[in-house]
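Taking it in order: structure first as structure tokens, then the write-up.
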Amino acid sequence: MNRSLSGPSNVATGLCLLACLLLGGCAQTLQKQNLTGNNTPPESVDFGQLGISPTPTAAQPASDQTPADESMAADESFTIRGQDPGYALPPGVAATAPTPSPGGGGFTRGPVPVSGQNVQPPLVQPQATAAAGGAYGTQATDPRVAQNGVGGYQEPVQPAPSYGLPAPQPNYQNYNNQPVVPNQQTFGQAPVAPQPGMIGAPIEPINPNFVDPLSNEPPPLVMPRVRTVPVDVFVTPARTGRFMVGGAVNSDAGVTGQIVLDERNFDILRFPRSFQDLFSGYAFRGAGQTFRLEAVPGSDFQRYMMSFGQPYLFGYLPLSLSVQGFLFDRQYRDWDESRLGGRVQLGYRVTNELSLSTAIRAENVDFGDVRVPGIPYVDQFVGDHELYSGSVRLSHDTRDIPFAPTEGHLFEVTFEQTFGSYDYSRIQADLRNYYLLRERADHSGRHTIAVTNSVGFSGADTPIFENFFAGGYSTMRGFDFRGASPVLSNGSDNVQVGGRLSVLGSVEYQFPLTADDATKGVVFVDYGTVEREIEIKRENFRVAPGFGFRVSMPALGPAPLAFDFAFPVAHADTDDRQVFSFFMGFSR
């Protein structure tokens, strides 16, 4: 039984093998005809659906292959149409090449990476035929198609496998019922600028007659909208006022106390409406004005002052107004002097650095308690005197920090005309330059050289209490307060009377001693003279080099403590010298 069943089975197997060979030969014949010039597209033959392969089967020996099979096996570029529509040539475009080449594009039947590789497509030429439109719609702009009728490859392509038909292009349409063409360009050509109707083109005006085909309604008109929203802004000002009680001691003014009420956001027109406004801080506050009330009683020096300032007069104009009233009393070595008066100043800021100001001063001077009587020049000024003056000042200030400068300069020129009990003119010029030598990366640890020079002239009718004086921390270190001034003698004692000419200068080098800049060192040279007449005498010129320290203590405020030691090397015989001087403040 087994033998009888095996006979028909062998026969069936042979018939199936013969049918496969016949079908493979027919398919190869059709493919070869298409490659040799048949412009008619081949019928859709899908070998994958038939379950066979165009290659020789393993059951057939290579020696038994037909000549057609041998030529097909030798053609390593044999491909199957339809694998990659992106590389399929349109109908009517036939391949012409010196060697057999694929007629439809696609991938070789060998393995090809999915990411693609630099595979140079064959050299082809377009054939303009009636069937060129076909199913493709328009003549293809494939990079493998020759330009100007000459076959040639343009640029290498890195193909990627695609196993479906090309995605349909969307039919763009704007509000004007005009078709929108995607912004495409031919391979190898320069970019095409967006034209009207293309994506990326300027927006055209909306057609008011356009109707949306879906809703059968015109599209909404989108216009910019301006909305007004009521907003209430509540601002809490920072601390602008202070009340300070303190004291000081220095080598020029002795021991003094200080009581200060300072407000930097004052409003002179905001009167209190209740006691709550007065004690809660709402009264006299909010206009950006300045108000200062100061009382400085002391052993040798007393000052009481009230000042009001308007930084921007008449709104935001660069005009400033300052009004000041004062009472000043000072016990000098040779007499007592008391001043009661006021001052009104109007300023104009030309630029951020340049300013111009004018001022009017009125005061009463009480001169008395002369220590050394019998000197006519001094005795004639005993009593009360009225002084009125008008002054003009020009200032150019580029200092980085006004109260503790490290770079920049300050130049001031002041002219003052005084009348009343005495009639005279005065002019003063002050130039201060600050040079930054070095600093740390965080702008600390600054090394600064300060060069200051001042010159003053006064008229012949200048009274003794308006003369120039020198000596002390503020003018010339190494001398007692007013100790470097001209003197007059009655034969037994000298009186410091000052002079009409003042020429003073200083060169100071300041450098940090600690990393936090709390302690600094200074090396300086002070020089200059004060003369009774408008001339400089060599024997009266003073020079005093020295050194000192600046110590900042947060508990005592921002002003540092200054300890200086000066040693006069040139001085007058009548000068009162003083090696050590002490002061509390920022600048001299």
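Just so we're on the same page: first chain in the structure tokens is A, next is B, and so on; residues restart at 1 for each chain, and ligands are numbered from 1 in the order they show up.
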Segment 264-408 of chain A: residues DSSP assigns to alpha helix (DSSP H), reported as a list in words: Phe275, Gln276, Asp277, Leu278, Phe279, Ser280, Pro376, Tyr377, Val378 and Asp379 of chain A
Write to file, as an mmCIF file, in the first residue's frame, the residues of the selection just made, with N, CA and C atoms.
```cif
data_model
loop_
_atom_site.group_PDB
_atom_site.id
_atom_site.type_symbol
_atom_site.label_atom_id
_atom_site.label_comp_id
_atom_site.auth_asym_id
_atom_site.auth_seq_id
_atom_site.Cartn_x
_atom_site.Cartn_y
_atom_site.Cartn_z
ATOM 1 N N PHE A 275 -5.371 113.883 65.092
ATOM 2 C CA PHE A 275 -4.187 113.493 65.847
ATOM 3 C C PHE A 275 -3.624 112.164 65.348
ATOM 4 N N GLN A 276 -4.507 111.308 64.792
ATOM 5 C CA GLN A 276 -4.020 110.038 64.256
ATOM 6 C C GLN A 276 -3.100 110.263 63.067
ATOM 7 N N ASP A 277 -3.429 111.215 62.185
ATOM 8 C CA ASP A 277 -2.544 111.535 61.063
ATOM 9 C C ASP A 277 -1.212 112.082 61.549
ATOM 10 N N LEU A 278 -1.240 112.823 62.632
ATOM 11 C CA LEU A 278 -0.014 113.431 63.129
ATOM 12 C C LEU A 278 0.940 112.408 63.713
ATOM 13 N N PHE A 279 0.397 111.383 64.389
ATOM 14 C CA PHE A 279 1.254 110.420 65.064
ATOM 15 C C PHE A 279 1.463 109.135 64.255
ATOM 16 N N SER A 280 0.651 108.923 63.221
ATOM 17 C CA SER A 280 0.809 107.719 62.409
ATOM 18 C C SER A 280 1.759 107.917 61.237
ATOM 19 N N PRO A 376 44.282 147.411 66.580
ATOM 20 C CA PRO A 376 43.240 148.191 65.886
ATOM 21 C C PRO A 376 42.489 147.408 64.818
ATOM 22 N N TYR A 377 43.202 146.597 64.080
ATOM 23 C CA TYR A 377 42.535 145.859 63.003
ATOM 24 C C TYR A 377 41.465 144.912 63.551
ATOM 25 N N VAL A 378 41.687 144.404 64.758
ATOM 26 C CA VAL A 378 40.721 143.477 65.357
ATOM 27 C C VAL A 378 39.628 144.241 66.091
ATOM 28 N N ASP A 379 39.964 145.295 66.772
ATOM 29 C CA ASP A 379 38.994 146.012 67.598
ATOM 30 C C ASP A 379 37.901 146.687 66.763
#
```
Exercise: Arg393 of chain A partners within 7 Å, only C-alpha atoms, chain neighbours under 4 positions left out, as a ChimeraX atom specification: /A:356-358,412-415
Counting only C-alpha atoms, the residue of A:Glu363, A:Phe308, A:Ala450, A:Pro373 that sits nearest Ser421 of chain A: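 Going through A:Glu363, A:Phe308, A:Ala450, A:Pro373 one by one, the smallest distance to Ser421 of chain A is for A:Glu363.
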Non-local contacts of segment 559-571 of chain A (10 Å; only C-alpha atoms; under 3 positions in same chain excluded) as an NGL selection string: :A and (250 or 403-404 or 473 or 476-479 or 484 or 518-529 or 538-554 or 556 or 574-587)
Interatomic distance, atom CA of Gly445 of chain A to atom CA of Glu353 of chain A (Å, one decimal):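 Atom CA of Gly445 of chain A sits 26.0 Å away from atom CA of Glu353 of chain A.
Within the 8 Å cut-off around segment 324-340 of chain A, using only C-alpha atoms and omitting residues fewer than 4 positions from it on the same chain, the listed residues are Asp300, Phe301, Gln302, Arg303, Tyr304, Met305, Met306, Ser307, Phe308, Val344, Glu363, Asn364, Val365, Asp366, Phe367, Gly368, Asp369, Val370, Arg371, Val372, Phe465, Val495 and Gln496 of chain A.
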Residue neighbourhood Val497 of chain A, 8 Å, only C-alpha atoms, exclusion window fewer than 6 positions, as a list of chain:residue names: A:Val378, A:Ile464, A:Asn467, A:Ser485, A:Pro486, A:Val487, A:Leu488
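By chain and then residue number, the residues within 9 Å of Thr398 of chain A are A:Asn352, A:Glu353, A:Leu354, A:Glu407, A:Gly408, A:His409, A:Leu410, counting only C-alpha atoms and disregarding those fewer than 6 positions away in sequence.
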Mind writing the picked residues with N, CA and C atoms as a PDB file, in the first residue's frame?
```pdb
ATOM      1  N   ASN A 352      23.417 115.422  33.944  1.00  0.00           N
ATOM      2  CA  ASN A 352      23.579 114.658  35.179  1.00  0.00           C
ATOM      3  C   ASN A 352      24.822 115.062  35.948  1.00  0.00           C
ATOM      4  N   GLU A 353      25.826 115.608  35.278  1.00  0.00           N
ATOM      5  CA  GLU A 353      27.070 116.001  35.947  1.00  0.00           C
ATOM      6  C   GLU A 353      27.204 117.518  36.117  1.00  0.00           C
ATOM      7  N   LEU A 354      26.567 118.291  35.262  1.00  0.00           N
ATOM      8  CA  LEU A 354      26.737 119.741  35.258  1.00  0.00           C
ATOM      9  C   LEU A 354      25.514 120.405  35.873  1.00  0.00           C
ATOM     10  N   GLU A 407      36.698 107.447  42.349  1.00  0.00           N
ATOM     11  CA  GLU A 407      37.080 107.844  41.005  1.00  0.00           C
ATOM     12  C   GLU A 407      36.154 108.967  40.547  1.00  0.00           C
ATOM     13  N   GLY A 408      36.626 109.719  39.570  1.00  0.00           N
ATOM     14  CA  GLY A 408      35.879 110.868  39.077  1.00  0.00           C
ATOM     15  C   GLY A 408      36.517 112.168  39.534  1.00  0.00           C
ATOM     16  N   HIS A 409      35.772 113.253  39.367  1.00  0.00           N
ATOM     17  CA  HIS A 409      36.288 114.559  39.765  1.00  0.00           C
ATOM     18  C   HIS A 409      35.131 115.476  40.152  1.00  0.00           C
ATOM     19  N   LEU A 410      35.467 116.519  40.869  1.00  0.00           N
ATOM     20  CA  LEU A 410      34.536 117.582  41.251  1.00  0.00           C
ATOM     21  C   LEU A 410      35.208 118.918  40.985  1.00  0.00           C
TER      22      LEU A 410
END
```
